Structures are given as C-alpha cells and as structure tokens.
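Shown here: final_24.cif, mmCIF, C-alpha atoms and all ligand atoms.
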```
data_start
loop_
_atom_site.label_atom_id
_atom_site.label_comp_id
_atom_site.auth_asym_id
_atom_site.auth_seq_id
_atom_site.Cartn_x
_atom_site.Cartn_y
_atom_site.Cartn_z
CA MET A 1 14.95 65.74 34.97
CA ILE A 2 13.50 63.87 37.96
CA ASP A 3 14.15 65.14 41.45
CA VAL A 4 12.31 63.31 44.22
CA GLN A 5 12.97 65.05 47.53
CA ASN A 6 12.24 63.35 50.86
CA VAL A 7 9.05 61.80 49.59
CA SER A 8 6.87 59.72 51.88
CA LYS A 9 3.64 58.01 51.01
CA VAL A 10 1.30 56.90 53.75
CA TYR A 11 -1.89 55.01 52.94
CA GLU A 12 -4.49 55.80 55.58
CA MET A 13 -6.99 53.06 56.27
CA PRO A 14 -9.52 52.63 59.06
CA GLY A 15 -7.55 51.76 62.18
CA GLU A 16 -4.13 51.76 60.55
CA SER A 17 -1.79 53.73 58.38
CA LEU A 18 0.75 52.15 56.08
CA ARG A 19 3.99 54.04 55.38
CA VAL A 20 4.95 52.59 52.00
CA LEU A 21 7.63 55.16 51.09
CA ASP A 22 9.70 56.70 53.85
CA ALA A 23 11.72 59.84 52.99
CA VAL A 24 12.75 58.62 49.54
CA ASN A 25 15.18 60.56 47.36
CA LEU A 26 15.77 59.88 43.67
CA GLN A 27 17.53 61.91 41.00
CA VAL A 28 17.43 60.89 37.36
CA ALA A 29 19.24 63.02 34.78
CA THR A 30 17.88 63.73 31.31
CA GLY A 31 18.70 60.85 28.97
CA GLU A 32 19.51 58.46 31.81
CA THR A 33 18.02 54.99 32.26
CA ALA A 34 17.23 53.89 35.81
CA ALA A 35 15.92 50.64 37.25
CA VAL A 36 14.13 50.34 40.57
CA VAL A 37 13.96 46.82 41.93
CA GLY A 38 12.39 45.52 45.10
CA PRO A 39 10.18 42.71 46.35
CA SER A 40 6.47 42.60 45.67
CA GLY A 41 4.64 45.09 47.88
CA SER A 42 7.72 47.24 48.47
CA GLY A 43 6.14 50.33 46.91
CA LYS A 44 7.51 50.27 43.34
CA THR A 45 4.17 51.03 41.71
CA THR A 46 3.45 53.65 44.37
CA LEU A 47 6.71 55.43 43.51
CA LEU A 48 6.09 55.25 39.76
CA ASN A 49 2.55 56.58 40.20
CA LEU A 50 3.98 59.59 42.04
CA LEU A 51 6.38 60.24 39.14
CA GLY A 52 3.52 59.86 36.68
CA VAL A 53 1.27 62.26 38.62
CA LEU A 54 -1.29 59.51 39.06
CA ASP A 55 -1.00 59.98 42.82
CA ARG A 56 0.40 62.55 45.23
CA PRO A 57 3.02 62.26 47.98
CA SER A 58 2.03 62.53 51.66
CA GLU A 59 5.26 64.42 52.34
CA GLY A 60 8.10 65.79 50.24
CA ARG A 61 8.29 67.03 46.68
CA VAL A 62 8.38 65.48 43.22
CA LEU A 63 10.02 67.82 40.71
CA ILE A 64 10.02 66.99 37.01
CA ASP A 65 11.98 69.45 34.90
CA GLY A 66 11.89 71.75 37.90
CA ARG A 67 8.11 71.73 38.16
CA ASP A 68 6.45 70.57 41.37
CA VAL A 69 4.00 68.09 39.88
CA ALA A 70 1.99 67.65 43.09
CA SER A 71 0.83 71.24 42.73
CA PHE A 72 -0.85 70.48 39.38
CA GLY A 73 -4.64 70.59 39.21
CA GLU A 74 -6.44 67.63 37.60
CA GLU A 75 -6.56 69.22 34.15
CA GLN A 76 -2.92 70.25 34.22
CA ALA A 77 -1.92 66.78 35.44
CA ALA A 78 -3.87 65.13 32.61
CA ALA A 79 -2.24 67.40 30.00
CA PHE A 80 1.18 66.75 31.49
CA ARG A 81 0.63 62.97 31.40
CA ASN A 82 -0.58 63.08 27.81
CA GLN A 83 2.11 65.39 26.42
CA SER A 84 5.25 64.88 28.47
CA LEU A 85 5.06 61.33 29.76
CA GLY A 86 4.84 57.86 28.34
CA PHE A 87 3.46 55.34 30.80
CA VAL A 88 3.71 51.59 30.30
CA PHE A 89 1.44 49.92 32.81
CA GLN A 90 1.99 46.55 34.45
CA HIS A 91 -1.01 44.99 32.70
CA HIS A 92 -0.65 47.23 29.63
CA HIS A 93 -4.30 48.44 29.75
CA LEU A 94 -4.80 48.27 26.00
CA LEU A 95 -8.35 49.02 24.88
CA PRO A 96 -9.71 45.56 24.00
CA GLN A 97 -12.24 46.83 21.45
CA CYS A 98 -9.62 48.83 19.53
CA THR A 99 -7.01 47.56 17.08
CA VAL A 100 -3.28 47.92 17.62
CA LEU A 101 -3.25 50.98 15.35
CA GLU A 102 -6.24 52.57 17.09
CA ASN A 103 -4.69 52.01 20.53
CA VAL A 104 -1.63 53.95 19.41
CA VAL A 105 -3.49 56.67 17.49
CA LEU A 106 -5.87 57.62 20.32
CA PRO A 107 -3.43 59.38 22.68
CA ARG A 108 -1.95 61.23 19.71
CA LEU A 109 -5.44 62.47 18.73
CA ALA A 110 -5.90 63.67 22.31
CA GLY A 111 -2.46 65.29 22.24
CA GLY A 112 -3.52 68.47 20.47
CA TRP A 113 -1.07 68.16 17.57
CA ALA A 114 -1.56 70.56 14.67
CA GLU A 115 -1.80 67.87 12.01
CA ALA A 116 -4.37 66.16 9.82
CA GLU A 117 -5.78 62.80 10.90
CA ALA A 118 -3.95 61.07 8.03
CA GLU A 119 -0.70 62.42 9.39
CA THR A 120 -1.52 61.14 12.88
CA THR A 121 -2.19 57.69 11.44
CA ALA A 122 1.01 57.77 9.40
CA ARG A 123 3.01 58.68 12.50
CA ALA A 124 1.47 55.82 14.49
CA GLU A 125 2.12 53.36 11.64
CA GLU A 126 5.73 54.49 11.39
CA LEU A 127 6.26 53.99 15.11
CA LEU A 128 4.61 50.56 15.05
CA ALA A 129 6.87 49.59 12.13
CA GLU A 130 9.95 50.71 14.08
CA ILE A 131 8.80 48.50 16.93
CA GLY A 132 8.25 45.55 14.57
CA LEU A 133 4.44 45.48 14.55
CA GLN A 134 3.84 46.53 10.93
CA ASP A 135 1.98 43.24 10.30
CA ARG A 136 -0.26 43.55 13.36
CA LEU A 137 -1.94 46.95 12.80
CA ALA A 138 -5.46 45.56 12.40
CA HIS A 139 -5.16 42.95 15.17
CA PHE A 140 -7.05 43.27 18.42
CA PRO A 141 -5.18 42.91 21.73
CA TYR A 142 -6.57 39.39 22.37
CA GLN A 143 -5.01 38.26 19.06
CA LEU A 144 -1.51 39.26 20.17
CA SER A 145 1.21 37.50 22.12
CA GLY A 146 2.33 38.98 25.45
CA GLY A 147 5.41 40.47 23.79
CA GLU A 148 3.32 42.04 21.02
CA ARG A 149 0.90 43.53 23.55
CA LEU A 150 3.82 45.07 25.37
CA ARG A 151 5.23 46.48 22.12
CA THR A 152 1.84 48.02 21.39
CA ALA A 153 1.80 49.58 24.86
CA LEU A 154 5.30 50.92 24.24
CA ALA A 155 4.31 52.45 20.90
CA ARG A 156 1.31 54.03 22.61
CA ALA A 157 3.58 55.45 25.32
CA LEU A 158 5.88 56.93 22.65
CA VAL A 159 3.38 58.33 20.20
CA ASN A 160 3.35 61.82 21.71
CA GLU A 161 7.17 61.90 21.69
CA PRO A 162 7.60 62.14 25.46
CA ARG A 163 10.97 62.88 26.99
CA LEU A 164 10.26 60.62 29.94
CA VAL A 165 8.97 57.05 29.87
CA LEU A 166 7.88 55.25 33.04
CA ALA A 167 7.45 51.49 32.88
CA ASP A 168 5.89 49.36 35.61
CA GLU A 169 7.00 45.70 35.49
CA PRO A 170 6.90 45.78 31.68
CA THR A 171 8.17 42.21 31.32
CA GLY A 172 6.15 40.78 34.20
CA SER A 173 4.35 38.16 32.14
CA LEU A 174 6.99 37.49 29.48
CA ASP A 175 9.39 34.59 29.06
CA GLN A 176 13.13 35.11 29.35
CA GLU A 177 13.74 35.40 25.60
CA THR A 178 11.03 38.01 25.02
CA THR A 179 12.25 39.89 28.08
CA GLY A 180 15.65 40.18 26.36
CA VAL A 181 14.01 41.51 23.20
CA VAL A 182 12.06 44.10 25.20
CA ALA A 183 15.20 45.13 27.09
CA ASP A 184 16.96 45.63 23.73
CA LEU A 185 14.06 47.75 22.56
CA LEU A 186 14.12 49.96 25.66
CA VAL A 187 17.88 50.46 25.46
CA GLN A 188 17.59 51.29 21.75
CA LEU A 189 14.81 53.76 22.46
CA ASN A 190 16.97 55.55 24.95
CA ALA A 191 19.99 55.61 22.64
CA GLN A 192 18.15 56.72 19.50
CA MET A 193 15.55 59.09 20.90
CA GLY A 194 17.28 60.24 24.09
CA VAL A 195 14.24 59.29 26.13
CA THR A 196 14.78 59.24 29.89
CA LEU A 197 13.62 55.92 31.25
CA VAL A 198 12.57 54.73 34.69
CA VAL A 199 11.77 51.03 34.84
CA VAL A 200 10.35 49.35 37.89
CA THR A 201 10.85 45.61 37.84
CA HIS A 202 11.73 42.50 39.77
CA ASN A 203 13.38 41.07 36.67
CA ALA A 204 17.17 41.10 37.08
CA THR A 205 17.83 40.67 33.33
CA LEU A 206 15.90 43.83 32.52
CA ALA A 207 17.27 45.79 35.49
CA ARG A 208 20.88 45.03 34.52
CA ARG A 209 20.37 46.71 31.15
CA MET A 210 19.63 50.09 32.75
CA GLN A 211 22.47 52.49 33.63
CA THR A 212 21.64 53.18 37.28
CA HIS A 213 20.13 50.86 39.85
CA TYR A 214 18.06 51.39 42.98
CA GLU A 215 16.49 49.05 45.45
CA LEU A 216 13.32 49.73 47.37
CA ARG A 217 13.02 47.89 50.66
CA GLY A 218 11.23 48.70 53.89
CA GLY A 219 10.13 52.06 52.50
CA LYS A 220 13.71 53.16 51.82
CA LEU A 221 15.28 53.61 48.39
CA GLU A 222 18.97 52.80 48.12
CA LYS A 223 21.29 53.33 45.20
CA GLN A 224 23.07 50.09 44.28
N1 LIG A 301 -4.46 52.64 47.52
C1 LIG A 301 -3.89 51.90 48.48
N2 LIG A 301 -4.42 51.86 49.72
C2 LIG A 301 -3.83 51.14 50.70
N3 LIG A 301 -2.71 50.42 50.54
C3 LIG A 301 -2.14 50.41 49.32
C4 LIG A 301 -2.69 51.15 48.22
N4 LIG A 301 -1.91 50.95 47.13
C5 LIG A 301 -0.92 50.13 47.54
N5 LIG A 301 -1.04 49.81 48.84
C6 LIG A 301 -0.13 48.96 49.64
O1 LIG A 301 1.16 49.54 49.58
C7 LIG A 301 2.16 48.56 49.47
C8 LIG A 301 3.01 48.82 48.22
O2 LIG A 301 2.24 48.59 47.06
P1 LIG A 301 2.83 48.74 45.59
O3 LIG A 301 3.37 50.10 45.41
O4 LIG A 301 1.78 48.31 44.64
O5 LIG A 301 4.05 47.68 45.64
P2 LIG A 301 4.85 46.96 44.45
O6 LIG A 301 4.51 47.64 43.18
O7 LIG A 301 6.29 47.09 44.82
O8 LIG A 301 4.43 45.53 44.46
C9 LIG A 301 1.44 47.22 49.48
O9 LIG A 301 1.49 46.70 50.76
C10 LIG A 301 0.04 47.57 49.07
O10 LIG A 301 -0.86 46.68 49.60
MG MG A 302 3.67 46.96 41.41
#
```
Once more with this new file: its structure as structure tokens, please.
Amino acid sequence: MIDVQNVSKVYEMPGESLRVLDAVNLQVATGETAAVVGPSGSGKTTLLNLLGVLDRPSEGRVLIDGRDVASFGEEQAAAFRNQSLGFVFQHHHLLPQCTVLENVVLPRLAGGWAEAEAETTARAEELLAEIGLQDRLAHFPYQLSGGERLRTALARALVNEPRLVLADEPTGSLDQETTGVVADLLVQLNAQMGVTLVVVTHNATLARRMQTHYELRGGKLEKQ
C-alpha cells in the first residue's frame, strides 16, 4: 500500500540546508501495522507528512496504492486526504468551538457521501460509541481528558472509512495506563476494520504493539 522509494527531504533555510531524511525506503503492506520510532527531531513528523501529502519530498517517490502522491495538485491532495486517509495529529487539532460529535461529523460532511445529514450524524454517533465516547457527544474538547481527546481525534480520522491511518505521537501526552488503552484500540481497529496503520512515536509500549518496527536516526530509516 505504501511504497517510499529513496526519499530525501531537505529543508532550505538562509545560509544552510538541513537534510532531515536521507534516501529513505519504507514499504507497508495493506492491513499491516508499522511503528516508526526515533529521537525528537529525527524527522518522524516530516516522514508522516510526506505520507499524508501534507508536504512533498525533495528527492524520491512516495507511492500510495501505486499512485505517486507528490504529483497531486492541491485539490487532488485535499480530496485524497479527506477520502483515503485518516490523520491523527500530535496535538489532535480538534476544533475547540465544536462538540465531540461535530468534530467527527465535519470531515464526513466534506467527504461527499450520498447520504442525508441524519445518516451522517448516526454514523458518527455509532463510531463514537464503538470508541467508548457515547456519553461525551455534547462535550467540548476542553471538557475532555487527554485520552478522550485522542479518542475523538481517532473517531474523526476514521469517519470517512479510510484504508490508511497515520498517527503522529498519538500518546505523547498520555499516562502509561491510557497509552495501553489507546494501543488496544489501534490494534483492534486494525484487526476489525483491516485499516493499515503507520504510527510514529517515541513510546516503546505503543511501538511494541505494532507488527513491524523501524527506527529513524541521522536521516536514515532502518528496519528493526
Ligand atoms: N519547515 C521546516 N523548516 C526547517 N526545518 C524544519 C522544518 N520542519 C522540521 N524541521 C526540522 O527538521 C528536523 C526534523 O523535524 P521533525 O520531522 O518534526 O522531527 P520529529 O517529529 O522526529 O521530532 C528538526 O530538526 C526540525 O527542526
Ligand atoms: Mg514530531
């Protein structure tokens, strides 16, 4: 599903250029779960942003389902992100003025589904119930715990039924116990829905739960 071929990313700044990824290769099969670990600043977010078509490589190719995503125009990239990808950001980026339910409904409304609004809402409610948030639908993000905010972000990532979910340090701010719960949830998601999962993390507990393991260090990605 994912085929990263010799990808480099160089950030050009006045007077210096920073080679964050150096000829990186990564293959992730459909239905697989992969963890990428590495110290802070090693380029984990940079790599995930390339997979999520939020950024483009300086060299090399990123193929997703055989399509060269760097060749997408802005509109095509936005449609691809909305319909084929679920992205869980490091700081979740929930809309603070929207409820849990609204945060999950919005991407589905933008997803161009042929369904009535009541159906969209029902689908979001069902997903939130599966994720254990049925009693938090009308809460605003500030009224939630860190674990609940993450669950909301996960439901939002899943609402358009993507085949690929990318998660950037999803448990970054959670305690050990909640991290375990989230890891369970991700593993379950993969097993039940067949979602391909790439998780970038420095949390060893979460990384261990994924099937394949990579480490990013000094711009190089190595399979563990
Ligand atoms: N837009 C940018 N311009 C310049 N440097 C950047 C940019 N984004 C990230 N970097 C640098 O690239 C390196 C890798 O960043 P990042 O991918 O966020 O690492 P990680 O997620 O592993 O902590 C860091 O040194 C960071 O400062
Ligand atoms: Mg990061």
Report, in Å to a single decimal, how far apart CA of Gln90 (chain A) and CA of Glu130 (chain A) are.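 These two atoms are separated by 22.3 Å.
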Would you list the contacts of Val88 (chain A) as a ChimeraX atom specification, taking every protein, DNA or RNA residue within 8 Å and counting all atoms listed in the file, but skipping same-chain residues closer than 6 positions in sequence? /A:153-154,157,165-168,170
Could you please extract the residues within 12 Å of ligand MG 302 (chain A), counting only C-alpha atoms and all ligand atoms, and hand them back as a PDB file with C-alpha atoms, in the frame of the given file?
```pdb
ATOM      1  CA  VAL A  36      14.130  50.340  40.570  1.00  0.00           C
ATOM      2  CA  VAL A  37      13.960  46.820  41.930  1.00  0.00           C
ATOM      3  CA  GLY A  38      12.390  45.520  45.100  1.00  0.00           C
ATOM      4  CA  PRO A  39      10.180  42.710  46.350  1.00  0.00           C
ATOM      5  CA  SER A  40       6.470  42.600  45.670  1.00  0.00           C
ATOM      6  CA  GLY A  41       4.640  45.090  47.880  1.00  0.00           C
ATOM      7  CA  SER A  42       7.720  47.240  48.470  1.00  0.00           C
ATOM      8  CA  GLY A  43       6.140  50.330  46.910  1.00  0.00           C
ATOM      9  CA  LYS A  44       7.510  50.270  43.340  1.00  0.00           C
ATOM     10  CA  THR A  45       4.170  51.030  41.710  1.00  0.00           C
ATOM     11  CA  THR A  46       3.450  53.650  44.370  1.00  0.00           C
ATOM     12  CA  LEU A  47       6.710  55.430  43.510  1.00  0.00           C
ATOM     13  CA  LEU A  48       6.090  55.250  39.760  1.00  0.00           C
ATOM     14  CA  ASN A  49       2.550  56.580  40.200  1.00  0.00           C
ATOM     15  CA  PHE A  89       1.440  49.920  32.810  1.00  0.00           C
ATOM     16  CA  GLN A  90       1.990  46.550  34.450  1.00  0.00           C
ATOM     17  CA  HIS A  91      -1.010  44.990  32.700  1.00  0.00           C
ATOM     18  CA  ALA A 167       7.450  51.490  32.880  1.00  0.00           C
ATOM     19  CA  ASP A 168       5.890  49.360  35.610  1.00  0.00           C
ATOM     20  CA  GLU A 169       7.000  45.700  35.490  1.00  0.00           C
ATOM     21  CA  PRO A 170       6.900  45.780  31.680  1.00  0.00           C
ATOM     22  CA  GLY A 172       6.150  40.780  34.200  1.00  0.00           C
ATOM     23  CA  VAL A 199      11.770  51.030  34.840  1.00  0.00           C
ATOM     24  CA  VAL A 200      10.350  49.350  37.890  1.00  0.00           C
ATOM     25  CA  THR A 201      10.850  45.610  37.840  1.00  0.00           C
ATOM     26  CA  HIS A 202      11.730  42.500  39.770  1.00  0.00           C
ATOM     27  CA  LEU A 216      13.320  49.730  47.370  1.00  0.00           C
TER      28      LEU A 216
END
```
Determine the nearest neighbour of Asn82 (chain A) from the options A:Arg19, A:Arg163, A:Arg61, A:Arg56, counting only C-alpha atoms.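 Checking each candidate against Asn82 (chain A), we get A:Arg163 as the closest.
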Residues around (-0.2, 41.4, 25.9), cut-off 12 Å, counting all atoms listed in the file - what are they as a ChimeraX atom specification? /A:88-96,100,139-154,170-174,178
Expected file contents, prior selection, C-alpha atoms, as a CSV table (one decimal), keeping the file's coordinate frame:
```csv
chain,number,residue,atom,x,y,z
A,88,VAL,CA,3.7,51.6,30.3
A,89,PHE,CA,1.4,49.9,32.8
A,90,GLN,CA,2.0,46.6,34.4
A,91,HIS,CA,-1.0,45.0,32.7
A,92,HIS,CA,-0.6,47.2,29.6
A,93,HIS,CA,-4.3,48.4,29.8
A,94,LEU,CA,-4.8,48.3,26.0
A,95,LEU,CA,-8.4,49.0,24.9
A,96,PRO,CA,-9.7,45.6,24.0
A,100,VAL,CA,-3.3,47.9,17.6
A,139,HIS,CA,-5.2,43.0,15.2
A,140,PHE,CA,-7.0,43.3,18.4
A,141,PRO,CA,-5.2,42.9,21.7
A,142,TYR,CA,-6.6,39.4,22.4
A,143,GLN,CA,-5.0,38.3,19.1
A,144,LEU,CA,-1.5,39.3,20.2
A,145,SER,CA,1.2,37.5,22.1
A,146,GLY,CA,2.3,39.0,25.4
A,147,GLY,CA,5.4,40.5,23.8
A,148,GLU,CA,3.3,42.0,21.0
A,149,ARG,CA,0.9,43.5,23.6
A,150,LEU,CA,3.8,45.1,25.4
A,151,ARG,CA,5.2,46.5,22.1
A,152,THR,CA,1.8,48.0,21.4
A,153,ALA,CA,1.8,49.6,24.9
A,154,LEU,CA,5.3,50.9,24.2
A,170,PRO,CA,6.9,45.8,31.7
A,171,THR,CA,8.2,42.2,31.3
A,172,GLY,CA,6.2,40.8,34.2
A,173,SER,CA,4.4,38.2,32.1
A,174,LEU,CA,7.0,37.5,29.5
A,178,THR,CA,11.0,38.0,25.0
```
Have a look at atom N4 of ligand LIG 301 (chain A) and CA of Gly60 (chain A) and let me know their distance in Å, one decimal.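 Taking atom N4 of ligand LIG 301 (chain A) as the start and CA of Gly60 (chain A) as the end point, the length is 18.2 Å.
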In Å, how far is it from CA of Pro162 (chain A) to CA of Asp65 (chain A)?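 A separation of 12.7 Å between them.
Each of A:Met1, A:Val7, A:Met13, A:Ala116 was compared to ligand LIG 301 (chain A) using only C-alpha atoms and all ligand atoms, and A:Met13 turns out to be the nearest.
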Gly194 (chain A) surroundings by all atoms listed in the file, 9 Å radius, close-in-sequence under 2 positions cut, as a list in words: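 Contacts, in chain order: Thr30, Gly31, Glu32, Arg163, Leu189, Asn190, Ala191, Gln192 and Thr196 of chain A.
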Could you list, as a PyMOL selection string, every residue within 7 Å of region 106-111 of chain A, counting all atoms listed in the file and ignoring same-chain residues fewer than 3 positions away? chain A and resi 82-83+102-103+120+159-160
For region 125-127 of chain A, list every protein, DNA or RNA residue within 8 Å, evaluated using only C-alpha atoms, and leave out those in the same chain fewer than 4 positions away; present the list as a count of residues only. 7
Nearest to ligand LIG 301 (chain A), chosen from A:Glu161, A:Glu177, A:Glu215, A:Glu75, with only C-alpha atoms and all ligand atoms counted in the distances: A:Glu215
Save region 165-190 of chain A of the structure in the block above to a file, with N, CA, C and O atoms included, as a PDB file, in the first residue's frame.
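That gives us selection-v4.pdb:
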```
ATOM      1  N   VAL A 165      -4.429   4.789   8.097  1.00  0.00           N
ATOM      2  CA  VAL A 165      -4.428   5.772   9.181  1.00  0.00           C
ATOM      3  C   VAL A 165      -2.982   6.077   9.568  1.00  0.00           C
ATOM      4  O   VAL A 165      -2.168   5.172   9.769  1.00  0.00           O
ATOM      5  N   LEU A 166      -2.670   7.370   9.636  1.00  0.00           N
ATOM      6  CA  LEU A 166      -1.338   7.832  10.022  1.00  0.00           C
ATOM      7  C   LEU A 166      -1.469   8.542  11.364  1.00  0.00           C
ATOM      8  O   LEU A 166      -2.317   9.425  11.511  1.00  0.00           O
ATOM      9  N   ALA A 167      -0.663   8.141  12.331  1.00  0.00           N
ATOM     10  CA  ALA A 167      -0.767   8.753  13.656  1.00  0.00           C
ATOM     11  C   ALA A 167       0.595   9.274  14.106  1.00  0.00           C
ATOM     12  O   ALA A 167       1.578   8.545  14.111  1.00  0.00           O
ATOM     13  N   ASP A 168       0.624  10.556  14.482  1.00  0.00           N
ATOM     14  CA  ASP A 168       1.863  11.205  14.891  1.00  0.00           C
ATOM     15  C   ASP A 168       1.895  11.346  16.405  1.00  0.00           C
ATOM     16  O   ASP A 168       1.149  12.152  16.963  1.00  0.00           O
ATOM     17  N   GLU A 169       2.738  10.587  17.078  1.00  0.00           N
ATOM     18  CA  GLU A 169       2.855  10.633  18.537  1.00  0.00           C
ATOM     19  C   GLU A 169       1.490  10.670  19.211  1.00  0.00           C
ATOM     20  O   GLU A 169       1.235  11.564  20.031  1.00  0.00           O
ATOM     21  N   PRO A 170       0.607   9.699  18.902  1.00  0.00           N
ATOM     22  CA  PRO A 170      -0.762   9.813  19.415  1.00  0.00           C
ATOM     23  C   PRO A 170      -0.843   9.774  20.935  1.00  0.00           C
ATOM     24  O   PRO A 170      -1.771  10.327  21.510  1.00  0.00           O
ATOM     25  N   THR A 171       0.120   9.141  21.587  1.00  0.00           N
ATOM     26  CA  THR A 171       0.041   9.021  23.048  1.00  0.00           C
ATOM     27  C   THR A 171       1.013   9.962  23.755  1.00  0.00           C
ATOM     28  O   THR A 171       1.284   9.800  24.942  1.00  0.00           O
ATOM     29  N   GLY A 172       1.497  10.951  23.011  1.00  0.00           N
ATOM     30  CA  GLY A 172       2.527  11.852  23.535  1.00  0.00           C
ATOM     31  C   GLY A 172       2.260  12.426  24.908  1.00  0.00           C
ATOM     32  O   GLY A 172       3.162  12.520  25.729  1.00  0.00           O
ATOM     33  N   SER A 173       0.996  12.788  25.171  1.00  0.00           N
ATOM     34  CA  SER A 173       0.698  13.463  26.438  1.00  0.00           C
ATOM     35  C   SER A 173      -0.074  12.573  27.408  1.00  0.00           C
ATOM     36  O   SER A 173      -0.626  13.059  28.392  1.00  0.00           O
ATOM     37  N   LEU A 174      -0.117  11.268  27.129  1.00  0.00           N
ATOM     38  CA  LEU A 174      -0.945  10.390  27.968  1.00  0.00           C
ATOM     39  C   LEU A 174      -0.109   9.613  28.978  1.00  0.00           C
ATOM     40  O   LEU A 174       1.064   9.328  28.742  1.00  0.00           O
ATOM     41  N   ASP A 175      -0.751   9.237  30.091  1.00  0.00           N
ATOM     42  CA  ASP A 175      -0.049   8.404  31.064  1.00  0.00           C
ATOM     43  C   ASP A 175       0.044   6.968  30.542  1.00  0.00           C
ATOM     44  O   ASP A 175      -0.560   6.616  29.528  1.00  0.00           O
ATOM     45  N   GLN A 176       0.796   6.161  31.243  1.00  0.00           N
ATOM     46  CA  GLN A 176       1.097   4.803  30.798  1.00  0.00           C
ATOM     47  C   GLN A 176      -0.163   3.959  30.626  1.00  0.00           C
ATOM     48  O   GLN A 176      -0.296   3.210  29.656  1.00  0.00           O
ATOM     49  N   GLU A 177      -1.106   4.100  31.554  1.00  0.00           N
ATOM     50  CA  GLU A 177      -2.321   3.281  31.515  1.00  0.00           C
ATOM     51  C   GLU A 177      -3.181   3.644  30.294  1.00  0.00           C
ATOM     52  O   GLU A 177      -3.640   2.763  29.563  1.00  0.00           O
ATOM     53  N   THR A 178      -3.361   4.941  30.068  1.00  0.00           N
ATOM     54  CA  THR A 178      -4.169   5.379  28.928  1.00  0.00           C
ATOM     55  C   THR A 178      -3.468   5.016  27.620  1.00  0.00           C
ATOM     56  O   THR A 178      -4.123   4.674  26.627  1.00  0.00           O
ATOM     57  N   THR A 179      -2.154   5.070  27.624  1.00  0.00           N
ATOM     58  CA  THR A 179      -1.392   4.662  26.444  1.00  0.00           C
ATOM     59  C   THR A 179      -1.717   3.211  26.079  1.00  0.00           C
ATOM     60  O   THR A 179      -1.922   2.880  24.907  1.00  0.00           O
ATOM     61  N   GLY A 180      -1.808   2.345  27.107  1.00  0.00           N
ATOM     62  CA  GLY A 180      -2.166   0.945  26.877  1.00  0.00           C
ATOM     63  C   GLY A 180      -3.547   0.808  26.265  1.00  0.00           C
ATOM     64  O   GLY A 180      -3.756   0.017  25.341  1.00  0.00           O
ATOM     65  N   VAL A 181      -4.487   1.610  26.764  1.00  0.00           N
ATOM     66  CA  VAL A 181      -5.859   1.574  26.257  1.00  0.00           C
ATOM     67  C   VAL A 181      -5.887   2.001  24.786  1.00  0.00           C
ATOM     68  O   VAL A 181      -6.547   1.379  23.950  1.00  0.00           O
ATOM     69  N   VAL A 182      -5.140   3.049  24.475  1.00  0.00           N
ATOM     70  CA  VAL A 182      -5.088   3.550  23.101  1.00  0.00           C
ATOM     71  C   VAL A 182      -4.424   2.517  22.182  1.00  0.00           C
ATOM     72  O   VAL A 182      -4.887   2.278  21.063  1.00  0.00           O
ATOM     73  N   ALA A 183      -3.368   1.879  22.673  1.00  0.00           N
ATOM     74  CA  ALA A 183      -2.706   0.840  21.880  1.00  0.00           C
ATOM     75  C   ALA A 183      -3.692  -0.291  21.584  1.00  0.00           C
ATOM     76  O   ALA A 183      -3.769  -0.770  20.445  1.00  0.00           O
ATOM     77  N   ASP A 184      -4.477  -0.692  22.587  1.00  0.00           N
ATOM     78  CA  ASP A 184      -5.503  -1.722  22.390  1.00  0.00           C
ATOM     79  C   ASP A 184      -6.463  -1.307  21.277  1.00  0.00           C
ATOM     80  O   ASP A 184      -6.827  -2.096  20.411  1.00  0.00           O
ATOM     81  N   LEU A 185      -6.874  -0.056  21.353  1.00  0.00           N
ATOM     82  CA  LEU A 185      -7.848   0.483  20.407  1.00  0.00           C
ATOM     83  C   LEU A 185      -7.297   0.447  18.976  1.00  0.00           C
ATOM     84  O   LEU A 185      -7.987   0.060  18.032  1.00  0.00           O
ATOM     85  N   LEU A 186      -6.044   0.823  18.826  1.00  0.00           N
ATOM     86  CA  LEU A 186      -5.421   0.848  17.494  1.00  0.00           C
ATOM     87  C   LEU A 186      -5.288  -0.569  16.934  1.00  0.00           C
ATOM     88  O   LEU A 186      -5.579  -0.817  15.761  1.00  0.00           O
ATOM     89  N   VAL A 187      -4.888  -1.496  17.801  1.00  0.00           N
ATOM     90  CA  VAL A 187      -4.721  -2.885  17.371  1.00  0.00           C
ATOM     91  C   VAL A 187      -6.080  -3.471  16.958  1.00  0.00           C
ATOM     92  O   VAL A 187      -6.203  -4.152  15.934  1.00  0.00           O
ATOM     93  N   GLN A 188      -7.098  -3.147  17.733  1.00  0.00           N
ATOM     94  CA  GLN A 188      -8.459  -3.607  17.482  1.00  0.00           C
ATOM     95  C   GLN A 188      -8.987  -3.061  16.151  1.00  0.00           C
ATOM     96  O   GLN A 188      -9.597  -3.766  15.358  1.00  0.00           O
ATOM     97  N   LEU A 189      -8.687  -1.820  15.930  1.00  0.00           N
ATOM     98  CA  LEU A 189      -9.089  -1.124  14.704  1.00  0.00           C
ATOM     99  C   LEU A 189      -8.513  -1.815  13.477  1.00  0.00           C
ATOM    100  O   LEU A 189      -9.178  -2.028  12.472  1.00  0.00           O
ATOM    101  N   ASN A 190      -7.266  -2.168  13.598  1.00  0.00           N
ATOM    102  CA  ASN A 190      -6.581  -2.862  12.517  1.00  0.00           C
ATOM    103  C   ASN A 190      -7.191  -4.247  12.311  1.00  0.00           C
ATOM    104  O   ASN A 190      -7.477  -4.658  11.183  1.00  0.00           O
TER     105      ASN A 190
END
```
